[in-house]
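This report refers to the structure that appears directly beneath it.
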Amino acid sequence: MASKPPKGDPVQDAPKVAGPKHTAAGLTAVGHSLRMAHQQMGVKRTALTLLSVNQKNGFDCPGCAWPEPEHRHTAEFCENGAKAVAEEATLRRVTPEFFAEHPVADLAGRSGYWLGQQGRLTHPVHLPEGGDRYEPVTWERAFDIIAEEINALGSPDEAVFYTSGRTSNEAAFLYQLFARELGTNNLPDCSNMCHESSGSALSETIGVGKGSVLLEDLHKADLIIVAGQNPGTNHPRMLSALEKAKGNGARIISVNPLPEAGLERFKNPQTPKGLTTGAALTDLFLRIRLGGDQALFRILNKLILDTPDAVDEDFVREHTHGYEDFAEAARAADWDATLTATGLTREDIETCLRMVLASRRVIVCWAMGLTQHKHSVPMIREIVNFLLLRGNIGRPGAGVCPVRGHSNVQGDRTMGIFERPAGAFLDALEKEFGFTPPREHGYDVVRAIRALRDGDAKVFFAMGGNFVSASPDTEVTEAAMRRARLTVHVSTKLNRSHAVTGARALILPTLGRTERDLQGSGEQFVTVEDSMGMVHASRGRLEPASAQLLSEPAIVCRLARGVLGAGSRVPWEEFEKDYATIRDRIARVIPGFEDFNARVADPSGFALPHAPRDERRFPTATGKANFTAAPVEYPELPKGRLLLQTLRSHDQYNTTIYGLDDRYRGIRNGRRVVLVNPEDARELRLADGSYVDLVGEWKDGVERRAPGFRVVHYPTARGCAAAYYPETNVLVPLDATADTSNTPASKSVVVRLEQSGTD
Ligand SMILES: Nc1nc2c(c(=O)[nH]1)N[C@H]1C(S)=C(S)[C@@H](COP(=O)(O)OP(=O)(O)OC[C@H]3O[C@@H](n4cnc5c(=O)[nH]c(N)nc54)[C@H](O)[C@@H]3O)O[C@H]1N2
Ligand SMILES: Nc1nc2c(c(=O)[nH]1)N[C@H]1C(S)=C(S)[C@@H](COP(=O)(O)OP(=O)(O)OC[C@H]3O[C@@H](n4cnc5c(=O)[nH]c(N)nc54)[C@H](O)[C@@H]3O)O[C@H]1N2
Ligand SMILES: [Mo]
């Protein structure tokens with residue numbers, strides 16, 4: 001049985017498989033991105049648009065949160081940045097006529113790929129209660145509808161305000177301000193599903209929930225460990241930094257259940273040599289089992305402790321707390337358990353140790369491979385232990401480097417998009433604006449879904465994103481969303497969340513990063529913060545996709561005026577007219593933004609302060625960097641089952657599907673594939689090319705099934721499997737989350753593979 005595309009959807013999913021590639025980027029990548037851009041934008045617009053990505057005075061690439069280098073190339077973008085831009089700057093349009101032709105039920109039957117391909121949203125539209133399709137609505141009426149529903153709630157806590165990570169600092173600051181003046185901290189965001197585990201682990205151990213390195217630190221490192229990250233696809237510009245580091249003598253270890261092309265060899269399309277031969281990046285590849293990283297770092301820590309003079313004793317004495325308890329736990333690490341947990345050999349680990357001991361300056365980079373497990377928080381804390389032991393935090397060329405996803409996800413948090421805000425932040429808001437913000441914690445993503453499911457939340461408002469596709473347990477989430485009174489999405493493009501609605505629904509079309517933003521006081525720019533805490537301006541140049549679009553800050557200002565009315569203490573009209581006035585308030589409320597308007601005028605932007613990085617000061621509860629000593633955990637795998645990770649292909653941006661190829665993994669024309677180690681496949685009698693259903697097994701006993709996946713024999717670690725998100729989100733139980741951070745454990749799902757016959 002081949003997987004069936006949704007009804008009426010011309011997109012055919014018929015995977016063809018050629019085996020993994022060993023080199024990333026190069027001319028193929030350039031050609032590929034230009035082809036996609038031309039299809040969406042035409043030749044002239046492509047040139048105009050791509051040349052202003054990440055340039056001083058241009059717009060910030062909406063692709064990822066990797067920082068901009070000080071010396072920029074004429075074309076400072078990568079294949080996937082180009083795709084993200086083409087997706088937004090497309091000439092295709094979704095107009096009111098489109099909605100007249102396509103009832104919501106029709107949209108719900110389409111694939112995410114098809115929905116995204118229809119183009120940019122042009123008009124606000126409303127799905128009335130009992131109606132079967134969206135109808136055009138004026139902006140005034142749209143805000144009246146929202147006000148009606150919110151003001152009819154029993155409590156502001158029955159409303160949920162989600163944020164995805166492209167929202168600018170200015171829009172994010174206003175959005176949280178509105179929610180808090182309304183009276184709720186229900187501000188879940190995509191971070192809850194993404195780097196929350198990093199934030200939880202780092203705030204507790206070093207006192208700041210962000211990375212402690214700048215781009216130049218990567219260039220200075222002796223050793224860079226990249227664990228649980230696929231930069232060739234998801235942060236392609238990071239490969240240039242790794243290449244430069246190697247040129248300066250660094251060595252690179254990649255820790256991953258999959259051999260990822262970008263980490264093996266890199267052809268830098270911005271250098272002549274890169275276009276021909278390329279550079280080998282990885283010196284040591286540790287093909288670890290899913291979830292084995294805590295055990296790996298624990299044994300490395302034991303081995304460091306056992307090596308004379310390997311510990312930086314001055315640093316430990318002066319700057320850390322909890323060393324004795326940690327050392328006792330680490331000394332007890334056991335080889336047998338380590339080898340089972342990691343699937344590595346003792347030689348692999350000893351080689352790794354030698355490289356660590358030979359390196360003075362060490363950086364560990366990671367992304368979703370480490371954050372989406374049940375034990376992600378202790379896993380990342382073990383990495384902090386590892387770095388602290390040799391004084392690798394707070395000096396050049398060393399530190400923690402969680403590589404963020406969405407281009408402003410870190411900035412949104414800095415602006416207060418957080419369901420558990422710090423008291424000091426709320427105090428500052430109160431002082432500046434004169435209303436009393438709520439102190440009770442709000443819902444994160446998982447809790448918001450439960451609240452909708454249980455009828456405790458009735459209005460769902462999303463600032464960007466695609467909540468129903470990005471969230472776990474698709475069936476549960478969709479049923480929860482359908483119970484809402486009102487669902488509202490501020491969006492640039494059509495997606496599945498628009499088709500799975502509450503009793504009534506609104507789509508509010510907004511400007512993208514690439515577009516000119518004209519307000520009462522003239523042309524505006526916005527600001528963003530990258531993965532390394534650098535803040536800079538972003539200014540769109542293109543004509544907006546439609547004259548009807550409002551910017552995100554304008555939408556929040558009008559929303560707030562509609563809902564809060566004359567009683568509001570906040571000058572929303574002034575904010576909408578001139579974003580500099582928003583930045584003046586940010587400067588007064590958020591530490592590090594003093595003199596914001598003046599400093600952001602510098603085209604290179606400015607770095608936010610980071611006490612551990614800048615002064616080796618650790619603002620934790622103990623006033624020191626904390627060693628921690630959690631028990632080592634790793635996923636248990638019942639016999640005959642596989643541990644599935646849900647990850648990204650090369651042709652997608654989260655739930656936005658650009659195409660059906662995963663070039664570096666050698667897969668074309670289809671997404672319903674499951675990668676299985678050939679030896680596991682042999683034991684399970686799963687021929688390459690056969691079709692299976694993925695069946696989730698979890699302790700709640702509910703059967704979760706994703707049908708019709710083509711088996712691909714692939715050199716992943718034993719016992720592990722991989723398939724793409726969001727098709728597999730149906731398998732991730734809502735309650736299977738990381739301890740402390742509550743992030744869905746979407747990289748360790750126990751599944752059995754049931755044959756569904758061959759095609
Ligand atoms: N083109 C493109 N760019 C993107 C995105 C996109 O979808 N497309 N998404 C953006 C976002 S929001 C994010 S958060 C980032 C995501 O960036 P990544 O984290 O690179 O994304 P994933 O595809 O989830 O890849 C996870 C990687 O971790 C490995 N891994 C999985 N489990 C484990 C484990 O237990 N241990 C170890 N050591 N490795 C493991 C996987 O094999 C894979 O290489 O990318 C951002 N950039
Ligand atoms: N199983 C599984 N689930 C996962 C993950 C995983 O690895 N596995 N990864 C998780 C991660 S890391 C993340 S970050 C989340 C992502 O979750 P989200 O951020 O919610 O999802 P996206 O797919 O990035 O959102 C895409 C939509 O954003 C809208 N959009 C794009 N640009 C703009 C803009 O400028 N403004 C506005 N208002 N809207 C815009 C478009 O309408 C587009 O359809 O998914 C999570 N879910
Ligand atoms: Mo993310």
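Chain labels A, B, ... are given in the sequence in which chains occur in the structure tokens; within each chain residues are numbered consecutively from 1, and ligands are likewise numbered from 1 in the order shown.
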Residues near Leu303 (chain A), anyone? I mean within 12 Å using only C-alpha atoms, not counting same-chain ones fewer than 3 positions away, as an MDAnalysis selection string.
chainID A and resid 296:300 306:311 327 330:335 346 349:354 356:357 386 389
Counting only C-alpha atoms and all ligand atoms, which protein, DNA or RNA residues come within 7 Å of ligand 1, given as a ChimeraX atom specification?
/A:63-64,80,194-195,227-231,233-235,255-258,260,288-293,367-370,404-406,645-654,747
Given the selection you just returned, output its residues as a file containing N, CA and C atoms, formatted as a short mmCIF file (atom, residue, chain, number, x, y, z; two decimals), in the first residue's frame.
```cif
data_model
loop_
_atom_site.label_atom_id
_atom_site.label_comp_id
_atom_site.auth_asym_id
_atom_site.auth_seq_id
_atom_site.Cartn_x
_atom_site.Cartn_y
_atom_site.Cartn_z
N GLY A 63 15.10 32.75 7.71
CA GLY A 63 15.40 31.32 7.74
C GLY A 63 15.74 30.78 9.10
N CYS A 64 16.84 31.24 9.68
CA CYS A 64 17.20 30.69 10.99
C CYS A 64 17.85 31.77 11.84
N ASN A 80 18.74 27.40 2.15
CA ASN A 80 17.47 27.35 2.85
C ASN A 80 16.94 28.73 3.20
N CYS A 194 10.80 23.60 21.47
CA CYS A 194 12.07 23.74 20.75
C CYS A 194 13.22 23.76 21.75
N HIS A 195 13.69 24.96 22.16
CA HIS A 195 14.87 25.04 23.04
C HIS A 195 14.53 25.25 24.51
N ALA A 227 26.45 18.30 18.68
CA ALA A 227 25.65 17.15 19.11
C ALA A 227 24.18 17.40 18.85
N GLY A 228 23.53 16.47 18.15
CA GLY A 228 22.09 16.61 17.98
C GLY A 228 21.68 17.79 17.14
N GLN A 229 22.39 17.97 16.05
CA GLN A 229 22.09 19.10 15.18
C GLN A 229 22.49 18.74 13.76
N ASN A 230 21.71 19.23 12.79
CA ASN A 230 21.98 18.97 11.38
C ASN A 230 22.17 20.30 10.65
N PRO A 231 23.31 20.95 10.86
CA PRO A 231 23.47 22.31 10.33
C PRO A 231 23.45 22.37 8.80
N THR A 233 21.49 21.28 6.75
CA THR A 233 20.15 21.59 6.32
C THR A 233 19.56 22.77 7.09
N ASN A 234 19.73 22.78 8.40
CA ASN A 234 18.96 23.71 9.22
C ASN A 234 19.68 25.01 9.58
N HIS A 235 21.00 25.00 9.54
CA HIS A 235 21.76 26.23 9.80
C HIS A 235 22.95 26.25 8.85
N VAL A 255 28.27 14.31 17.01
CA VAL A 255 27.60 13.27 17.79
C VAL A 255 26.18 13.21 17.27
N ASN A 256 25.83 12.10 16.61
CA ASN A 256 24.55 12.05 15.93
C ASN A 256 24.22 10.61 15.58
N PRO A 257 22.96 10.20 15.68
CA PRO A 257 22.62 8.85 15.23
C PRO A 257 22.71 8.72 13.72
N LEU A 258 22.72 9.84 13.01
CA LEU A 258 22.77 9.81 11.54
C LEU A 258 24.06 10.47 11.07
N GLU A 260 25.28 13.03 8.99
CA GLU A 260 24.63 14.11 8.25
C GLU A 260 25.63 14.74 7.28
N ILE A 288 25.83 7.93 17.81
CA ILE A 288 25.24 7.64 19.13
C ILE A 288 23.81 7.16 18.99
N ARG A 289 23.35 6.39 19.96
CA ARG A 289 21.92 6.04 19.99
C ARG A 289 21.12 7.24 20.44
N LEU A 290 19.88 7.30 19.97
CA LEU A 290 18.98 8.38 20.40
C LEU A 290 18.93 8.41 21.93
N GLY A 291 19.11 9.59 22.47
CA GLY A 291 18.98 9.75 23.93
C GLY A 291 20.20 9.30 24.71
N GLY A 292 21.31 8.96 24.04
CA GLY A 292 22.48 8.47 24.76
C GLY A 292 23.47 9.55 25.20
N ASP A 293 23.18 10.79 24.92
CA ASP A 293 24.18 11.84 25.13
C ASP A 293 24.50 12.13 26.60
N ALA A 367 21.18 21.27 19.07
CA ALA A 367 19.83 21.74 18.73
C ALA A 367 18.83 20.66 19.14
N MET A 368 17.86 20.37 18.27
CA MET A 368 16.72 19.55 18.69
C MET A 368 17.07 18.11 19.07
N GLY A 369 18.21 17.62 18.58
CA GLY A 369 18.60 16.25 18.95
C GLY A 369 18.82 16.10 20.45
N LEU A 370 19.08 17.19 21.14
CA LEU A 370 19.27 17.12 22.60
C LEU A 370 18.08 17.64 23.39
N ARG A 404 19.70 28.21 18.00
CA ARG A 404 18.26 28.45 17.96
C ARG A 404 17.70 28.22 16.57
N GLY A 405 16.40 28.04 16.53
CA GLY A 405 15.75 27.75 15.26
C GLY A 405 15.22 28.99 14.58
N HIS A 406 13.98 29.35 14.91
CA HIS A 406 13.35 30.51 14.30
C HIS A 406 14.21 31.76 14.48
N GLN A 645 12.94 9.02 15.94
CA GLN A 645 13.06 10.48 16.07
C GLN A 645 12.30 11.12 14.92
N THR A 646 11.66 12.25 15.18
CA THR A 646 10.92 12.97 14.15
C THR A 646 11.73 14.22 13.81
N LEU A 647 12.17 14.31 12.57
CA LEU A 647 13.12 15.38 12.22
C LEU A 647 12.76 16.05 10.91
N ARG A 648 13.61 16.98 10.49
CA ARG A 648 13.34 17.80 9.30
C ARG A 648 14.03 17.23 8.06
N SER A 649 13.36 17.34 6.92
CA SER A 649 14.02 17.02 5.65
C SER A 649 14.70 18.30 5.16
N HIS A 650 15.40 18.18 4.05
CA HIS A 650 16.10 19.34 3.51
C HIS A 650 15.14 20.35 2.86
N ASP A 651 13.97 19.88 2.47
CA ASP A 651 13.03 20.74 1.74
C ASP A 651 11.84 21.17 2.59
N GLN A 652 12.10 21.56 3.80
CA GLN A 652 11.00 22.05 4.62
C GLN A 652 11.50 23.12 5.56
N TYR A 653 10.61 23.97 6.00
CA TYR A 653 10.91 24.83 7.14
C TYR A 653 9.84 24.55 8.17
N ASN A 654 10.17 23.76 9.14
CA ASN A 654 9.17 23.29 10.12
C ASN A 654 7.97 22.72 9.37
N LYS A 747 11.90 13.34 19.91
CA LYS A 747 13.05 12.59 19.38
C LYS A 747 13.16 11.22 20.04
#
```
Surrounding residues as a ChimeraX atom specification, ligand 2, max 6 Å, only C-alpha atoms and all ligand atoms
/A:164-167,190-191,193-194,463-467,470-471,490-495,510,512-513,646-647,654-656,725-726,729,746
Same residues, C-alpha atoms, output as a tab-separated table (two decimals), in the first residue's frame:
```
chain	number	residue	atom	x	y	z
A	164	SER	CA	5.92	31.53	16.66
A	165	GLY	CA	9.51	32.71	16.39
A	166	ARG	CA	9.57	35.12	13.45
A	167	THR	CA	7.78	37.88	15.32
A	190	CYS	CA	7.25	27.63	19.74
A	191	SER	CA	10.18	27.65	22.18
A	193	MET	CA	8.54	22.73	21.70
A	194	CYS	CA	12.07	23.74	20.75
A	463	MET	CA	0.92	35.36	16.27
A	464	GLY	CA	2.32	33.34	13.36
A	465	GLY	CA	3.17	29.67	13.26
A	466	ASN	CA	1.13	26.59	12.54
A	467	PHE	CA	0.05	25.38	15.95
A	470	ALA	CA	3.70	21.74	14.97
A	471	SER	CA	2.17	20.43	18.21
A	490	VAL	CA	-2.02	36.23	12.17
A	491	SER	CA	-0.33	34.67	9.16
A	492	THR	CA	1.49	35.25	5.93
A	493	LYS	CA	0.62	31.92	4.30
A	494	LEU	CA	-2.14	29.37	4.42
A	495	ASN	CA	-1.57	26.34	6.65
A	510	THR	CA	0.31	40.29	7.82
A	512	GLY	CA	6.53	39.56	6.09
A	513	ARG	CA	10.16	40.46	6.86
A	646	THR	CA	10.92	12.97	14.15
A	647	LEU	CA	13.12	15.38	12.22
A	654	ASN	CA	9.17	23.29	10.12
A	655	THR	CA	5.62	22.72	8.91
A	656	THR	CA	6.21	24.62	5.66
A	725	TYR	CA	7.86	15.90	11.20
A	726	PRO	CA	4.98	16.95	10.99
A	729	ASN	CA	3.39	14.23	15.11
A	746	SER	CA	9.57	14.12	19.76
```
Select, from A:Ser546, A:Gln294, A:Ser521, A:Gln372, the residue with the minimum atom-to-atom distance to ligand 3, counting only C-alpha atoms and all ligand atoms.
A:Gln372
All residues 10 Å or closer to Glu181 (chain A), only C-alpha atoms, same chain fewer than 2 positions away omitted, as a PyMOL selection string
chain A and resi 156+175-179+183-185+429-430+433-438+560+564+568-570
Okay, now the selection with N, CA and C atoms, as a compact mmCIF listing (two decimals), in the first residue's frame?
```txt
# COMPACT_ATOMS: atom_id res chain seq x y z
N PRO A 156 -9.79 36.27 31.88
CA PRO A 156 -8.81 36.39 30.79
C PRO A 156 -7.97 35.12 30.62
N TYR A 175 2.73 42.50 22.17
CA TYR A 175 1.81 41.35 22.29
C TYR A 175 1.75 40.87 23.75
N GLN A 176 2.92 40.73 24.37
CA GLN A 176 2.90 40.30 25.78
C GLN A 176 2.33 41.40 26.67
N LEU A 177 2.56 42.65 26.27
CA LEU A 177 2.03 43.78 27.05
C LEU A 177 0.50 43.74 27.03
N PHE A 178 -0.04 43.49 25.84
CA PHE A 178 -1.49 43.39 25.70
C PHE A 178 -2.04 42.24 26.56
N ALA A 179 -1.41 41.04 26.44
CA ALA A 179 -1.92 39.88 27.18
C ALA A 179 -1.91 40.17 28.68
N GLY A 183 -4.74 40.60 31.46
CA GLY A 183 -4.76 39.89 32.75
C GLY A 183 -4.35 38.42 32.69
N THR A 184 -3.56 38.04 31.69
CA THR A 184 -3.15 36.63 31.65
C THR A 184 -1.69 36.47 31.27
N ASN A 185 -1.07 35.40 31.77
CA ASN A 185 0.29 35.01 31.33
C ASN A 185 0.22 33.82 30.38
N LEU A 429 7.40 46.16 34.18
CA LEU A 429 6.22 46.51 33.36
C LEU A 429 5.25 47.38 34.17
N GLU A 430 5.05 46.97 35.42
CA GLU A 430 4.11 47.68 36.28
C GLU A 430 4.56 49.12 36.48
N PHE A 433 4.16 51.07 33.01
CA PHE A 433 2.84 51.28 32.40
C PHE A 433 1.72 51.52 33.41
N GLY A 434 1.97 51.24 34.68
CA GLY A 434 0.99 51.60 35.69
C GLY A 434 -0.20 50.66 35.83
N PHE A 435 -0.15 49.46 35.22
CA PHE A 435 -1.19 48.46 35.53
C PHE A 435 -0.52 47.31 36.26
N THR A 436 -1.32 46.48 36.92
CA THR A 436 -0.75 45.38 37.70
C THR A 436 -0.80 44.09 36.89
N PRO A 437 0.35 43.62 36.41
CA PRO A 437 0.31 42.40 35.60
C PRO A 437 0.00 41.18 36.47
N PRO A 438 -0.61 40.16 35.87
CA PRO A 438 -0.92 38.94 36.63
C PRO A 438 0.39 38.24 37.01
N ALA A 560 -5.50 45.47 20.82
CA ALA A 560 -5.53 45.95 22.20
C ALA A 560 -6.57 47.06 22.37
N LEU A 564 -9.38 46.21 24.94
CA LEU A 564 -9.23 46.89 26.23
C LEU A 564 -9.97 48.21 26.29
N SER A 568 -7.41 51.29 28.79
CA SER A 568 -6.00 50.87 28.72
C SER A 568 -5.06 51.99 29.13
N ARG A 569 -3.96 51.60 29.79
CA ARG A 569 -2.94 52.56 30.22
C ARG A 569 -1.85 52.75 29.17
N VAL A 570 -1.97 52.05 28.07
CA VAL A 570 -0.87 51.98 27.10
C VAL A 570 -1.19 52.83 25.87
```
Find the residues near Lys624 (chain A): any atom within 12 Å, counting only C-alpha atoms, skip ones fewer than 6 places away on the same chain, and give them as an NGL selection string.
:A and (203-208 or 315-323 or 388 or 611-612 or 616-618)
Assign secondary structure with DSSP using the backbone only, and return the residues of region 177-372 of chain A in strand (DSSP E) as a PyMOL selection string.
chain A and resi 223-227+251-255+265-267+279-280+284-286+320-321+362-366
Across A:Pro236, A:Ser198, A:Ser531, A:Ala65, the smallest distance to Leu263 (chain A), with only C-alpha atoms counted, is shown by A:Pro236
Compile the contact shell of Val732 (chain A) as an MDAnalysis selection string: residues with an atom at most 10 Å away, counting only C-alpha atoms, same-chain residues fewer than 2 positions apart removed.
chainID A and resid 471:474 644:646 696:698 704 728:730 734:737 744:750
Please dump the current selection as a short mmCIF file (atom, residue, chain, number, x, y, z; two decimals), in the first residue's frame; keep N, CA, C and O atoms.
```cif
data_model
loop_
_atom_site.label_atom_id
_atom_site.label_comp_id
_atom_site.auth_asym_id
_atom_site.auth_seq_id
_atom_site.Cartn_x
_atom_site.Cartn_y
_atom_site.Cartn_z
N SER A 471 2.38 20.99 16.87
CA SER A 471 2.17 20.43 18.21
C SER A 471 2.14 18.90 18.15
O SER A 471 1.89 18.32 17.11
N PRO A 472 2.35 18.26 19.30
CA PRO A 472 2.31 16.80 19.33
C PRO A 472 0.88 16.28 19.26
O PRO A 472 -0.07 17.05 19.34
N ASP A 473 0.75 14.97 19.14
CA ASP A 473 -0.53 14.26 19.26
C ASP A 473 -1.61 14.90 18.39
O ASP A 473 -2.67 15.35 18.89
N THR A 474 -1.36 14.93 17.09
CA THR A 474 -2.19 15.69 16.15
C THR A 474 -3.69 15.51 16.38
O THR A 474 -4.44 16.50 16.37
N LEU A 644 11.99 6.03 17.54
CA LEU A 644 11.84 6.91 16.38
C LEU A 644 12.12 8.36 16.76
O LEU A 644 11.61 8.86 17.74
N GLN A 645 12.94 9.02 15.94
CA GLN A 645 13.06 10.48 16.07
C GLN A 645 12.30 11.12 14.92
O GLN A 645 12.28 10.61 13.80
N THR A 646 11.66 12.25 15.18
CA THR A 646 10.92 12.97 14.15
C THR A 646 11.73 14.22 13.81
O THR A 646 12.01 15.03 14.67
N GLY A 696 2.69 3.88 17.36
CA GLY A 696 3.28 4.36 18.60
C GLY A 696 2.84 3.50 19.77
O GLY A 696 1.69 3.06 19.83
N GLU A 697 3.79 3.26 20.70
CA GLU A 697 3.42 2.51 21.90
C GLU A 697 3.82 3.35 23.09
O GLU A 697 4.98 3.68 23.26
N TRP A 698 2.84 3.68 23.89
CA TRP A 698 3.15 4.48 25.08
C TRP A 698 2.35 3.98 26.24
O TRP A 698 1.37 3.25 26.08
N ARG A 704 -1.45 4.89 18.55
CA ARG A 704 -1.27 6.03 17.64
C ARG A 704 -0.63 5.50 16.36
O ARG A 704 0.41 4.85 16.43
N THR A 728 4.64 12.78 11.37
CA THR A 728 4.71 11.81 12.47
C THR A 728 4.26 12.39 13.81
O THR A 728 4.33 11.69 14.82
N ASN A 729 3.80 13.65 13.81
CA ASN A 729 3.39 14.23 15.11
C ASN A 729 2.22 13.49 15.72
O ASN A 729 2.02 13.52 16.93
N VAL A 730 1.47 12.81 14.87
CA VAL A 730 0.35 12.01 15.35
C VAL A 730 0.83 10.93 16.34
O VAL A 730 0.05 10.45 17.17
N LEU A 734 0.76 13.60 23.84
CA LEU A 734 0.73 14.92 24.45
C LEU A 734 1.45 14.93 25.80
O LEU A 734 2.11 15.90 26.17
N ASP A 735 1.30 13.82 26.53
CA ASP A 735 1.87 13.80 27.88
C ASP A 735 3.31 13.30 27.93
O ASP A 735 3.90 13.24 29.01
N ALA A 736 3.88 12.91 26.79
CA ALA A 736 5.27 12.44 26.78
C ALA A 736 6.17 13.65 26.60
O ALA A 736 6.50 14.04 25.48
N THR A 737 6.56 14.26 27.70
CA THR A 737 7.34 15.49 27.60
C THR A 737 8.60 15.39 28.45
O THR A 737 8.73 14.51 29.29
N PRO A 744 7.71 18.53 24.29
CA PRO A 744 7.34 17.21 23.76
C PRO A 744 8.57 16.40 23.37
O PRO A 744 9.50 16.92 22.76
N ALA A 745 8.56 15.12 23.76
CA ALA A 745 9.73 14.27 23.54
C ALA A 745 9.69 13.71 22.12
O ALA A 745 9.60 12.50 21.91
N SER A 746 9.78 14.57 21.14
CA SER A 746 9.57 14.12 19.76
C SER A 746 10.81 13.49 19.13
O SER A 746 10.78 13.14 17.96
N LYS A 747 11.90 13.34 19.91
CA LYS A 747 13.05 12.59 19.38
C LYS A 747 13.16 11.22 20.04
O LYS A 747 14.18 10.55 19.86
N SER A 748 12.19 10.82 20.85
CA SER A 748 12.25 9.43 21.33
C SER A 748 10.87 8.85 21.50
O SER A 748 10.28 8.87 22.57
N VAL A 749 10.35 8.33 20.39
CA VAL A 749 9.01 7.76 20.36
C VAL A 749 9.18 6.26 20.10
O VAL A 749 9.76 5.86 19.09
N VAL A 750 8.70 5.43 21.02
CA VAL A 750 8.81 3.98 20.81
C VAL A 750 7.75 3.55 19.80
O VAL A 750 6.56 3.85 19.97
#
```
Using DSSP on the backbone, list every residue of region 415-551 of chain A that comes out as alpha helix (DSSP H), and give them as a PyMOL selection string.
chain A and resi 423-433+445-453+467-470+474-482
Rank A:Glu196, A:Glu703, A:Glu727, A:Glu543 by their smallest atom-to-atom distance to ligand 3, using only C-alpha atoms and all ligand atoms, and report the top residue only.
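So, comparing all the options, the nearest one is A:Glu196.
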Out of A:Glu170, A:Lys374, A:Val459, A:Glu478, which residue has the shortest atom-to-atom distance to Asp578 (chain A) when counting only C-alpha atoms?
A:Glu170
Excluding Thr23 (chain A) and any residue of its chain fewer than 4 positions from it, enumerate the residues within 9 Å of it, using only C-alpha atoms, and give them as an MDAnalysis selection string.
chainID A and resid 232 260:267 278:280 664
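With only C-alpha atoms and all ligand atoms as the basis for measurement, A:Gln410 is the residue among A:Thr345, A:Thr90, A:Ser604, A:Gln410 that approaches ligand 3 most closely.
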Given only C-alpha atoms, how would the per-residue table for region 340-380 of chain A near region 209-220 of chain A read, listing every residue at most 10 Å away with its closest atom pair and distance in Å to one decimal, sorted by chain and number, as a Markdown table?
```
| residue | atom | partner | partner_atom | distance |
| --- | --- | --- | --- | --- |
| A:Arg361 | CA | A:Lys220 | CA | 7.9 |
| A:Val362 | CA | A:Leu218 | CA | 9.1 |
| A:Ile363 | CA | A:Leu218 | CA | 7.3 |
| A:Val364 | CA | A:Val213 | CA | 9.8 |
| A:Cys365 | CA | A:Gly211 | CA | 9.1 |
```
Which neighbours of Val160 (chain A) fall inside 8 Å, counting only C-alpha atoms, when residues of the same chain fewer than 5 positions from it are skipped, and could you give them as an MDAnalysis selection string?
chainID A and resid 186:188 443 448 457 459:461
Filtering to N, CA and C atoms, could you give me those residues as a PDB file, in the first residue's frame?
```
ATOM      1  N   ASN A 186      -0.936  33.594  29.768  1.00  0.00           N
ATOM      2  CA  ASN A 186      -1.046  32.474  28.819  1.00  0.00           C
ATOM      3  C   ASN A 186      -0.353  32.832  27.512  1.00  0.00           C
ATOM      4  N   LEU A 187       0.972  32.759  27.538  1.00  0.00           N
ATOM      5  CA  LEU A 187       1.778  33.121  26.365  1.00  0.00           C
ATOM      6  C   LEU A 187       2.674  31.956  25.956  1.00  0.00           C
ATOM      7  N   PRO A 188       2.069  30.838  25.501  1.00  0.00           N
ATOM      8  CA  PRO A 188       2.900  29.736  25.022  1.00  0.00           C
ATOM      9  C   PRO A 188       3.608  30.159  23.743  1.00  0.00           C
ATOM     10  N   TYR A 443      -0.232  29.084  30.645  1.00  0.00           N
ATOM     11  CA  TYR A 443      -0.085  27.795  29.964  1.00  0.00           C
ATOM     12  C   TYR A 443       1.084  27.832  29.001  1.00  0.00           C
ATOM     13  N   ALA A 448      -1.644  24.405  27.205  1.00  0.00           N
ATOM     14  CA  ALA A 448      -2.676  25.119  26.443  1.00  0.00           C
ATOM     15  C   ALA A 448      -3.563  24.113  25.698  1.00  0.00           C
ATOM     16  N   ALA A 457      -9.957  26.677  28.187  1.00  0.00           N
ATOM     17  CA  ALA A 457      -9.592  27.814  27.335  1.00  0.00           C
ATOM     18  C   ALA A 457     -10.546  27.816  26.152  1.00  0.00           C
ATOM     19  N   VAL A 459     -10.623  30.837  23.726  1.00  0.00           N
ATOM     20  CA  VAL A 459     -10.170  31.666  22.605  1.00  0.00           C
ATOM     21  C   VAL A 459      -8.695  31.349  22.383  1.00  0.00           C
ATOM     22  N   PHE A 460      -8.336  31.059  21.127  1.00  0.00           N
ATOM     23  CA  PHE A 460      -6.941  30.777  20.793  1.00  0.00           C
ATOM     24  C   PHE A 460      -6.496  31.783  19.746  1.00  0.00           C
ATOM     25  N   PHE A 461      -5.441  32.518  20.062  1.00  0.00           N
ATOM     26  CA  PHE A 461      -4.928  33.547  19.150  1.00  0.00           C
ATOM     27  C   PHE A 461      -3.473  33.207  18.849  1.00  0.00           C
TER      28      PHE A 461
END
```
Suppose you want the space between CA of Arg395 (chain A) and CA of Ala621 (chain A); what is it in Å?
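If I compute the distance from CA of Arg395 (chain A) to CA of Ala621 (chain A), I get 22.0 Å.
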